[in-house]
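Coordinates as given in final18.cif (mmCIF, C-alpha atoms):
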data_protein
loop_
_atom_site.label_atom_id
_atom_site.label_comp_id
_atom_site.auth_asym_id
_atom_site.auth_seq_id
_atom_site.Cartn_x
_atom_site.Cartn_y
_atom_site.Cartn_z
CA MET R 11 10.10 -44.34 29.90
CA ILE R 12 12.06 -43.21 26.87
CA ILE R 13 15.12 -45.14 25.70
CA GLU R 14 17.42 -43.90 22.95
CA SER R 15 20.35 -45.89 21.61
CA SER R 16 22.84 -45.36 18.81
CA ALA R 17 25.76 -47.26 17.29
CA PRO R 18 28.29 -46.47 14.54
CA THR R 19 28.69 -48.22 11.20
CA ARG R 20 32.13 -49.28 9.97
CA VAL R 21 34.61 -49.48 7.12
CA ASP R 22 36.37 -52.85 6.85
CA LEU R 23 39.97 -52.49 5.74
CA ALA R 24 41.10 -56.12 5.70
CA GLY R 25 40.06 -59.67 6.48
CA SER R 26 36.35 -59.36 5.75
CA THR R 27 34.50 -62.61 4.98
CA ILE R 28 37.04 -64.61 6.97
CA ASP R 29 35.03 -63.57 10.07
CA ILE R 30 32.24 -66.01 9.14
CA PRO R 31 32.23 -69.20 11.22
CA PRO R 32 33.57 -71.78 10.74
CA LEU R 33 35.85 -70.35 8.00
CA PHE R 34 38.24 -68.65 10.42
CA LEU R 35 38.89 -71.96 12.17
CA PHE R 36 40.57 -73.26 9.01
CA HIS R 37 43.01 -70.34 8.78
CA GLU R 38 45.12 -69.99 11.90
CA GLY R 39 45.78 -66.39 12.83
CA SER R 40 42.64 -65.08 11.16
CA ALA R 41 41.77 -61.47 11.88
CA THR R 42 39.84 -58.56 10.46
CA VAL R 43 40.70 -54.87 10.69
CA ASN R 44 38.05 -52.17 10.67
CA PHE R 45 37.17 -48.76 12.05
CA ALA R 46 33.90 -47.18 13.10
CA ILE R 47 32.47 -44.14 11.35
CA SER R 48 29.93 -41.50 12.26
CA LEU R 49 27.05 -42.74 10.09
CA MET R 50 24.84 -43.97 12.91
CA ALA R 51 22.02 -46.41 13.42
CA ARG R 52 19.50 -45.29 16.04
CA CYS R 53 16.65 -46.80 17.99
CA ARG R 54 14.09 -44.93 20.11
CA ILE R 55 11.65 -46.72 22.40
CA GLU R 56 8.86 -44.99 24.29
CA THR R 57 6.62 -47.01 26.57
CA ARG R 58 2.86 -46.79 26.21
CA ASP R 59 -0.03 -47.07 28.65
CA ASP R 60 -1.75 -49.74 26.54
CA ASP R 61 -0.87 -53.18 25.16
CA VAL R 62 0.17 -52.06 21.67
CA ILE R 63 3.61 -52.66 20.20
CA SER R 64 4.34 -50.24 17.35
CA ILE R 65 7.38 -50.90 15.15
CA SER R 66 8.57 -48.28 12.65
CA SER R 67 11.55 -47.68 10.37
CA THR R 68 12.01 -44.04 9.39
CA ASP R 69 14.43 -44.62 6.52
CA ARG R 70 12.43 -47.52 5.08
CA GLY R 71 9.11 -45.74 5.51
CA GLU R 72 7.38 -48.78 6.97
CA SER R 73 5.51 -49.44 10.22
CA TYR R 74 2.95 -51.74 11.79
CA GLN R 75 1.41 -52.62 15.14
CA VAL R 76 0.64 -55.78 17.10
CA LEU R 77 -0.82 -56.41 20.53
CA LEU R 78 1.28 -57.83 23.37
CA SER R 79 -0.89 -60.94 23.20
CA GLU R 80 0.19 -61.35 19.56
CA VAL R 81 3.95 -61.10 20.16
CA ASP R 82 4.44 -64.71 19.03
CA SER R 83 3.39 -63.65 15.53
CA LEU R 84 6.55 -61.54 15.28
CA ARG R 85 8.67 -64.67 14.99
CA ASP R 86 7.55 -65.08 11.38
CA GLU R 87 6.68 -61.46 10.54
CA PRO R 88 8.21 -60.56 7.13
CA ARG R 89 7.81 -56.78 7.52
CA LEU R 90 10.87 -55.17 9.14
CA GLU R 91 11.93 -58.71 9.86
CA LEU R 92 15.03 -57.98 11.94
CA LEU R 93 13.11 -55.65 14.25
CA ALA R 94 10.27 -58.15 14.55
CA LYS R 95 12.56 -61.01 15.51
CA LEU R 96 14.37 -58.87 18.08
CA VAL R 97 11.10 -57.88 19.75
CA TYR R 98 10.02 -61.53 19.68
CA PHE R 99 13.32 -62.53 21.31
CA PHE R 100 13.08 -60.00 24.15
CA ARG R 101 9.31 -60.41 24.64
CA PRO R 102 8.65 -57.16 26.54
CA GLU R 103 5.75 -57.11 28.97
CA SER R 104 4.50 -53.60 28.25
CA GLY R 105 3.36 -51.73 25.17
CA PHE R 106 5.79 -49.40 23.42
CA ASN R 107 6.63 -47.49 20.26
CA MET R 108 9.93 -48.41 18.61
CA ILE R 109 11.31 -46.16 15.87
CA THR R 110 14.57 -46.88 14.06
CA GLU R 111 16.66 -45.07 11.50
CA SER R 112 19.97 -45.62 9.75
CA GLU R 113 22.12 -42.84 8.35
CA ALA R 114 24.02 -45.19 6.04
CA PRO R 115 22.51 -45.70 2.57
CA ALA R 116 20.59 -48.94 2.04
CA GLY R 117 22.87 -51.79 1.00
CA ALA R 118 25.98 -49.65 1.50
CA GLY R 119 28.23 -52.44 2.79
CA LEU R 120 28.93 -50.39 5.92
CA ALA R 121 27.26 -52.92 8.26
CA GLY R 122 24.07 -50.90 8.52
CA SER R 123 21.82 -53.83 9.44
CA SER R 124 24.31 -55.28 11.94
CA THR R 125 24.76 -51.85 13.51
CA LEU R 126 21.00 -51.34 13.76
CA ASN R 127 20.83 -54.81 15.31
CA ILE R 128 23.20 -53.78 18.11
CA ALA R 129 21.42 -50.46 18.66
CA CYS R 130 18.04 -52.20 18.96
CA ILE R 131 19.39 -54.89 21.27
CA GLY R 132 20.77 -52.20 23.58
CA ALA R 133 17.43 -50.39 23.69
CA LEU R 134 15.26 -53.49 24.04
CA ASN R 135 17.52 -54.89 26.75
CA ALA R 136 17.08 -51.66 28.72
CA LEU R 137 13.32 -51.92 28.21
CA VAL R 138 13.20 -55.38 29.82
CA GLY R 139 15.33 -54.38 32.80
CA ASN R 140 18.82 -55.17 31.48
CA ARG R 141 18.16 -58.87 31.28
CA TYR R 142 21.49 -59.52 29.54
CA SER R 143 24.95 -58.16 30.24
CA ALA R 144 26.51 -56.15 27.41
CA ASP R 145 29.00 -58.94 26.64
CA ARG R 146 26.06 -61.05 25.42
CA PHE R 147 24.87 -58.53 22.85
CA ILE R 148 27.14 -59.63 19.99
CA GLN R 149 26.18 -63.30 20.23
CA ILE R 150 22.49 -62.40 20.33
CA ALA R 151 22.89 -60.07 17.35
CA ALA R 152 24.70 -62.68 15.25
CA ASN R 153 22.19 -65.41 16.03
CA VAL R 154 19.11 -63.29 15.33
CA GLU R 155 20.57 -61.89 12.10
CA CYS R 156 21.33 -65.45 11.00
CA GLN R 157 17.64 -66.25 11.49
CA VAL R 158 16.78 -63.30 9.25
CA ILE R 159 19.20 -63.81 6.35
CA LYS R 160 19.15 -67.62 6.73
CA VAL R 161 22.89 -68.06 6.13
CA PRO R 162 25.85 -67.82 8.55
CA THR R 163 26.81 -64.31 9.58
CA GLY R 164 30.23 -62.83 10.28
CA TYR R 165 31.17 -61.15 13.53
CA GLN R 166 33.33 -58.13 12.76
CA ASP R 167 30.42 -55.75 12.17
CA TYR R 168 29.01 -56.15 15.66
CA TYR R 169 32.31 -55.31 17.33
CA SER R 170 32.65 -51.96 15.57
CA ALA R 171 29.02 -51.17 16.41
CA GLN R 172 29.36 -52.06 20.07
CA TYR R 173 32.82 -50.67 20.81
CA GLY R 174 33.60 -48.08 18.11
CA GLY R 175 37.16 -47.06 17.31
CA ALA R 176 39.67 -48.92 15.18
CA ALA R 177 40.34 -52.56 15.93
CA ALA R 178 41.84 -55.84 14.90
CA ILE R 179 39.43 -58.64 15.71
CA HIS R 180 41.20 -61.95 16.19
CA PHE R 181 39.39 -65.23 15.57
CA ARG R 182 40.77 -68.10 17.63
CA PRO R 183 39.61 -71.57 18.66
CA ASP R 184 39.16 -70.32 22.23
CA GLY R 185 37.08 -67.32 21.20
CA ILE R 186 37.05 -63.94 19.50
CA VAL R 187 39.32 -61.21 20.87
CA ARG R 188 39.06 -57.52 20.03
CA GLU R 189 42.31 -55.59 19.98
CA ALA R 190 41.88 -51.81 20.01
CA LEU R 191 44.25 -50.08 17.59
CA GLU R 192 45.66 -46.61 18.14
CA VAL R 193 45.37 -44.59 14.96
CA ASP R 194 45.93 -40.99 13.92
CA THR R 195 42.27 -40.26 13.25
CA ALA R 196 42.93 -36.96 11.47
CA LYS R 197 45.39 -38.67 9.13
CA LEU R 198 42.95 -41.52 8.51
CA ARG R 199 40.16 -39.10 7.63
CA SER R 200 42.44 -37.09 5.36
CA ARG R 201 43.45 -40.16 3.35
CA ILE R 202 40.14 -41.99 2.85
CA ALA R 203 37.18 -41.09 0.64
CA ILE R 204 34.00 -43.16 0.89
CA CYS R 205 31.82 -43.33 -2.19
CA TYR R 206 28.36 -44.89 -2.31
CA THR R 207 27.96 -46.35 -5.78
CA GLY R 208 24.17 -46.10 -5.86
CA GLU R 209 23.93 -49.88 -6.26
CA PRO R 210 22.79 -51.79 -3.15
CA ARG R 211 24.44 -55.17 -2.54
CA ASP R 212 23.28 -58.51 -1.09
CA SER R 213 26.02 -59.64 1.30
CA GLY R 214 24.24 -62.82 2.38
CA ILE R 215 24.22 -64.28 -1.12
CA ASN R 216 27.85 -63.43 -1.92
CA ASN R 217 29.26 -64.67 1.37
CA TRP R 218 27.20 -67.86 1.45
CA GLU R 219 28.46 -68.94 -1.98
CA LEU R 220 32.04 -68.50 -0.79
CA THR R 221 31.33 -70.35 2.44
CA LYS R 222 29.88 -73.32 0.56
CA ARG R 223 32.84 -73.47 -1.82
CA HIS R 224 35.26 -73.37 1.10
CA ILE R 225 33.44 -76.11 3.02
CA ASP R 226 33.40 -78.21 -0.15
CA GLY R 227 37.20 -78.00 -0.25
CA ASP R 228 37.68 -75.64 -3.19
CA LYS R 229 41.48 -75.29 -3.17
CA GLU R 230 41.43 -71.96 -4.98
CA VAL R 231 39.05 -70.44 -2.43
CA ILE R 232 41.08 -71.85 0.47
CA SER R 233 44.26 -70.34 -0.97
CA ILE R 234 42.56 -66.97 -1.42
CA PHE R 235 41.42 -67.00 2.20
CA ASP R 236 45.01 -67.65 3.26
CA SER R 237 45.99 -64.54 1.30
CA ILE R 238 43.18 -62.53 2.92
CA ARG R 239 44.36 -63.67 6.35
CA ASP R 240 47.96 -62.71 5.57
CA ASN R 241 46.93 -59.31 4.21
CA ALA R 242 44.89 -58.55 7.35
CA VAL R 243 47.84 -59.41 9.58
CA MET R 244 50.06 -57.01 7.63
CA VAL R 245 47.41 -54.26 7.56
CA ARG R 246 47.23 -54.49 11.35
CA GLU R 247 51.01 -54.13 11.57
CA ALA R 248 51.03 -51.13 9.21
CA ILE R 249 48.40 -49.37 11.33
CA ILE R 250 50.30 -50.09 14.55
CA ASP R 251 53.47 -48.73 12.93
CA GLN R 252 51.54 -45.76 11.48
CA ASP R 253 53.13 -46.67 8.14
CA TRP R 254 50.70 -45.03 5.74
CA ASP R 255 52.68 -45.84 2.61
CA ARG R 256 52.70 -49.53 3.53
CA LEU R 257 48.99 -49.42 4.35
CA GLY R 258 48.22 -48.05 0.90
CA GLU R 259 50.32 -50.77 -0.76
CA LEU R 260 48.57 -53.52 1.19
CA LEU R 261 45.10 -52.22 0.42
CA ARG R 262 45.96 -52.01 -3.28
CA GLU R 263 47.35 -55.58 -3.25
CA ALA R 264 44.17 -56.90 -1.63
CA TYR R 265 41.78 -55.62 -4.30
CA PRO R 266 42.65 -58.14 -7.07
CA ILE R 267 42.76 -60.94 -4.49
CA ARG R 268 39.19 -60.25 -3.45
CA LYS R 269 38.11 -59.94 -7.08
CA GLN R 270 39.58 -63.37 -7.71
CA MET R 271 37.52 -64.69 -4.81
CA SER R 272 34.25 -63.37 -6.18
CA PRO R 273 33.60 -62.44 -9.82
CA ASN R 274 30.59 -60.45 -8.61
CA LEU R 275 32.63 -58.32 -6.20
CA ALA R 276 32.65 -55.29 -8.51
CA THR R 277 29.94 -54.32 -10.95
CA PRO R 278 30.90 -52.60 -14.23
CA HIS R 279 29.83 -49.30 -12.69
CA MET R 280 32.05 -49.93 -9.66
CA GLU R 281 35.01 -50.70 -11.92
CA GLU R 282 34.45 -47.41 -13.71
CA LEU R 283 34.53 -45.59 -10.38
CA VAL R 284 37.73 -47.36 -9.37
CA THR R 285 39.40 -46.42 -12.66
CA LYS R 286 38.29 -42.79 -12.27
CA ALA R 287 39.55 -42.64 -8.70
CA TYR R 288 42.95 -44.09 -9.62
CA ALA R 289 43.30 -41.46 -12.34
CA ASN R 290 42.70 -38.68 -9.82
CA GLY R 291 44.89 -39.63 -6.88
CA ALA R 292 43.56 -42.81 -5.29
CA ILE R 293 46.15 -45.41 -4.36
CA ALA R 294 43.82 -48.27 -3.43
CA ALA R 295 40.17 -49.26 -3.56
CA LYS R 296 38.47 -51.31 -0.82
CA ILE R 297 34.95 -52.45 -1.63
CA CYS R 298 33.03 -52.37 1.61
CA GLY R 299 31.25 -55.51 2.73
CA ALA R 300 30.68 -58.37 0.33
CA GLY R 301 30.60 -56.24 -2.81
CA GLY R 302 28.28 -56.43 -5.76
CA GLY R 303 27.28 -52.86 -4.98
CA GLY R 304 27.38 -50.63 -1.94
CA CYS R 305 30.32 -48.42 -0.99
CA ILE R 306 33.96 -48.22 -2.00
CA ALA R 307 36.54 -46.75 0.37
CA PHE R 308 39.45 -45.16 -1.50
CA PHE R 309 42.84 -44.71 0.14
CA CYS R 310 44.29 -41.62 -1.49
CA GLU R 311 47.63 -39.97 -2.01
CA GLU R 312 48.57 -37.36 0.56
CA GLY R 313 46.61 -34.18 -0.16
CA ARG R 314 44.55 -35.62 -3.04
CA THR R 315 41.44 -36.98 -1.27
CA LYS R 316 39.34 -33.94 -2.21
CA GLU R 317 40.43 -34.35 -5.81
CA VAL R 318 39.26 -37.96 -5.79
CA GLU R 319 35.96 -37.00 -4.17
CA LYS R 320 35.32 -34.28 -6.75
CA ALA R 321 36.04 -36.62 -9.65
CA LEU R 322 33.73 -39.32 -8.30
CA SER R 323 30.93 -36.92 -7.45
CA ASN R 324 30.56 -36.19 -11.16
CA GLU R 325 29.84 -39.85 -11.93
CA GLU R 326 26.22 -40.91 -12.39
CA GLY R 327 24.72 -42.49 -9.26
CA ALA R 328 27.80 -41.89 -7.11
CA GLU R 329 27.54 -40.13 -3.76
CA ILE R 330 30.46 -39.02 -1.61
CA LEU R 331 29.66 -39.73 2.03
CA ASP R 332 30.47 -37.20 4.72
CA TRP R 333 32.00 -39.11 7.61
CA SER R 334 34.25 -38.84 10.61
CA PHE R 335 35.98 -41.40 12.81
CA SER R 336 33.80 -42.66 15.66
CA SER R 337 35.70 -43.53 18.83
CA GLU R 338 32.50 -44.33 20.71
CA GLY R 339 30.42 -47.45 20.20
CA LEU R 340 26.94 -48.30 21.45
CA THR R 341 25.35 -45.67 23.66
CA ILE R 342 22.09 -46.07 25.57
CA ARG R 343 20.21 -43.26 27.28
CA THR R 344 17.06 -43.61 29.35
CA GLU R 345 14.75 -41.04 30.87
CA ALA R 346 11.40 -41.03 32.60
CA HIS R 347 8.32 -39.60 30.92
CA ALA R 348 7.84 -35.92 31.62
#
Can you dump the structure from the file as structure tokens?
Amino acid sequence: MIIESSAPTRVDLAGSTIDIPPLFLFHEGSATVNFAISLMARCRIETRDDDVISISSTDRGESYQVLLSEVDSLRDEPRLELLAKLVYFFRPESGFNMITESEAPAGAGLAGSSTLNIACIGALNALVGNRYSADRFIQIAANVECQVIKVPTGYQDYYSAQYGGAAAIHFRPDGIVREALEVDTAKLRSRIAICYTGEPRDSGINNWELTKRHIDGDKEVISIFDSIRDNAVMVREAIIDQDWDRLGELLREAYPIRKQMSPNLATPHMEELVTKAYANGAIAAKICGAGGGGCIAFFCEEGRTKEVEKALSNEEGAEILDWSFSSEGLTIRTEAHA
């Protein structure tokens, strides 16, 4: 049997970091707003006639094998740790080759690891006979990723990977609710440039420091999270109203708020890119993920996105990503061996 799965990465427009439990419980009305993009994470599984489990990552250039009888060793396997822990969790009963790849640059802040997580869960679940319903995938993904990074994980990334599209994800005491948002996808694409800075980031470290400060009652951090919550609510409203001018204003207002929250949000190189983009037609900069590297999404003036992209492409280390809106989330395809 051959199983192929794919899932889209995302750009977070507002509310990121507040999706980490239990932070959203302290800010009533918490939400995040994001949209899925066409940089995919993929997983391919092909069953074998022997008892070997082969795990490979194309983009990381790493692979190894274990026997089915040694599957317990994957619980503490440091190589391709996320993949190892997922295989350990599902505990398949037949040998197989698993090959993964991610189109997003390493450490891009586009939820590459969370997206790969969802893609692998979809494929492994099919391998073991659809043991879990699809509505369990996000909880499994969050829990396993927490075991890998050893700090609490947020939830917004898994929703974009599983469902695609644009969405407001609402965090409530009675659960998490995804609200699909209608958006003019052509207009969205025409106004946003995504630049990879060439500097990978470590989201677990940045977010965990903020979580600890919040839990310890840091009043400044708590106030900032209130502002992040309020901004996300207004960004959602601007998207629903298709008010692009208002959306640009809100994204620009959010940037200094997030910088206040984390002094490591933007590296000197990232600040140079932001300044260059603003000088060439960008209205707002949104650092993707936890910052400290990765990607920056620039909301640009009407008709000036190409100008911004050209200016940034001349900067050392910067790479303009080619992307499109992804309305489709996780897909899983299975076929019998020929």
Exercise. Taking the file as shown, what set of residues would the PyMOL selection byres ((chain R and resi 219-223) around 10) give back, as number ranges by chain?
Worked result: R: 27-28, 30-33, 161-162, 214-218, 224-232, 235, 271-272
Give the centre and edge lengths of an axis-aligned box, in Å to one decimal, that holds all listed atoms of region 59-71 of chain R with 5 Å on each side, as JSON.
{"center_x": 6.3, "center_y": -48.6, "center_z": 16.9, "size_x": 26.2, "size_y": 19.1, "size_z": 33.6}
Problem set entry | Nearest-residue call for Gly25 (chain R), choices R:Ile306, R:Ala152, R:Ile234, R:Ile65, using all atoms listed in the file | R:Ile234
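Taking all atoms listed in the file into account, Thr344 (chain R) lies nearest to R:Glu56 out of the set R:Glu113, R:Asp29, R:Glu192, R:Glu56.
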Exercise. Counting only C-alpha atoms, what is within 6 Å of region 72-85 of chain R, bar same-chain residues fewer than 6 positions away, as JSON, numbers by chain?
Worked result: {"R": [61, 62, 63, 64, 65, 66, 94, 95, 98]}
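Of the listed residues (R:Asp22, R:Glu319, R:Asp194, R:Glu155), R:Asp22 comes nearest to Asp167 (chain R); the distances count all atoms listed in the file.
Here the question is which of R:Ala24, R:Ala17, R:Ala287, R:Leu93 gets nearest to Thr125 (chain R) using all atoms listed in the file, and that residue is R:Ala17.
Within the file as shown, the PyMOL selection byres ((chain R and resi 47) around 10) identifies Ala17, Pro18, Thr19, Arg20, Val21, Asn44, Phe45, Ala46, Ser48, Leu49, Met50, Leu120, Ser170, Ala171, Gly174, Gly175, Ala176, Arg199, Asp332, Trp333, Ser334, Phe335, Ser336, Ser337, Glu338 and Gly339 of chain R.
Closest approach to Thr341 (chain R) among R:Leu92, R:Ala294, R:Met108, R:Ile131 is made by R:Ile131 (distances from all atoms listed in the file).
If only C-alpha atoms are the atoms counted, then among R:Ala144, R:Ile55, R:Ala203, R:Ala242 the closest residue to Ile12 (chain R) is R:Ile55.
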Problem set entry | Cut-off 7 Å around (44.4, -44.9, -0.7) with only C-alpha atoms: residues as an NGL selection string | :R and (201-202 or 258 or 292-295 or 308-311)
Emit the selected residues as a PDB file, in the frame of the given file, including C-alpha atoms.
ATOM      1  CA  ARG R 201      43.450 -40.160   3.350  1.00  0.00           C
ATOM      2  CA  ILE R 202      40.140 -41.990   2.850  1.00  0.00           C
ATOM      3  CA  GLY R 258      48.220 -48.050   0.900  1.00  0.00           C
ATOM      4  CA  ALA R 292      43.560 -42.810  -5.290  1.00  0.00           C
ATOM      5  CA  ILE R 293      46.150 -45.410  -4.360  1.00  0.00           C
ATOM      6  CA  ALA R 294      43.820 -48.270  -3.430  1.00  0.00           C
ATOM      7  CA  ALA R 295      40.170 -49.260  -3.560  1.00  0.00           C
ATOM      8  CA  PHE R 308      39.450 -45.160  -1.500  1.00  0.00           C
ATOM      9  CA  PHE R 309      42.840 -44.710   0.140  1.00  0.00           C
ATOM     10  CA  CYS R 310      44.290 -41.620  -1.490  1.00  0.00           C
ATOM     11  CA  GLU R 311      47.630 -39.970  -2.010  1.00  0.00           C
TER      12      GLU R 311
END
Seminar exercise, completed: CA of Phe106 (chain R) sits from CA of Arg89 (chain R) at a separation of 17.6 Å
For this session: Please provide as a ChimeraX atom specification all residues within 8 Å of His37 (chain R), with the sequence filter that same-chain residues fewer than 2 positions apart are discarded (counting only C-alpha atoms).
Result: /R:33-35,39-40,235-236,239
Take the selection from the previous step and output its residues with C-alpha atoms, as a PDB file, in the frame of the given file.
ATOM      1  CA  LEU R  33      35.850 -70.350   8.000  1.00  0.00           C
ATOM      2  CA  PHE R  34      38.240 -68.650  10.420  1.00  0.00           C
ATOM      3  CA  LEU R  35      38.890 -71.960  12.170  1.00  0.00           C
ATOM      4  CA  GLY R  39      45.780 -66.390  12.830  1.00  0.00           C
ATOM      5  CA  SER R  40      42.640 -65.080  11.160  1.00  0.00           C
ATOM      6  CA  PHE R 235      41.420 -67.000   2.200  1.00  0.00           C
ATOM      7  CA  ASP R 236      45.010 -67.650   3.260  1.00  0.00           C
ATOM      8  CA  ARG R 239      44.360 -63.670   6.350  1.00  0.00           C
TER       9      ARG R 239
END
For this session: Step by step, work through what the PyMOL selection byres ((chain R and resi 206) around 9) selects in the shown file, and finish by giving those residues as number ranges by chain.
Result: R: 115, 118, 204-205, 207-210, 303-307, 327-331
Problem set entry | Computed interatomic separation between CA of Ala151 (chain R) and CA of Leu275 (chain R) (Å) | 25.5 Å
Seminar exercise, completed: note - CA of Lys316 (chain R) and CA of Asn290 (chain R) are separated by 9.6 Å
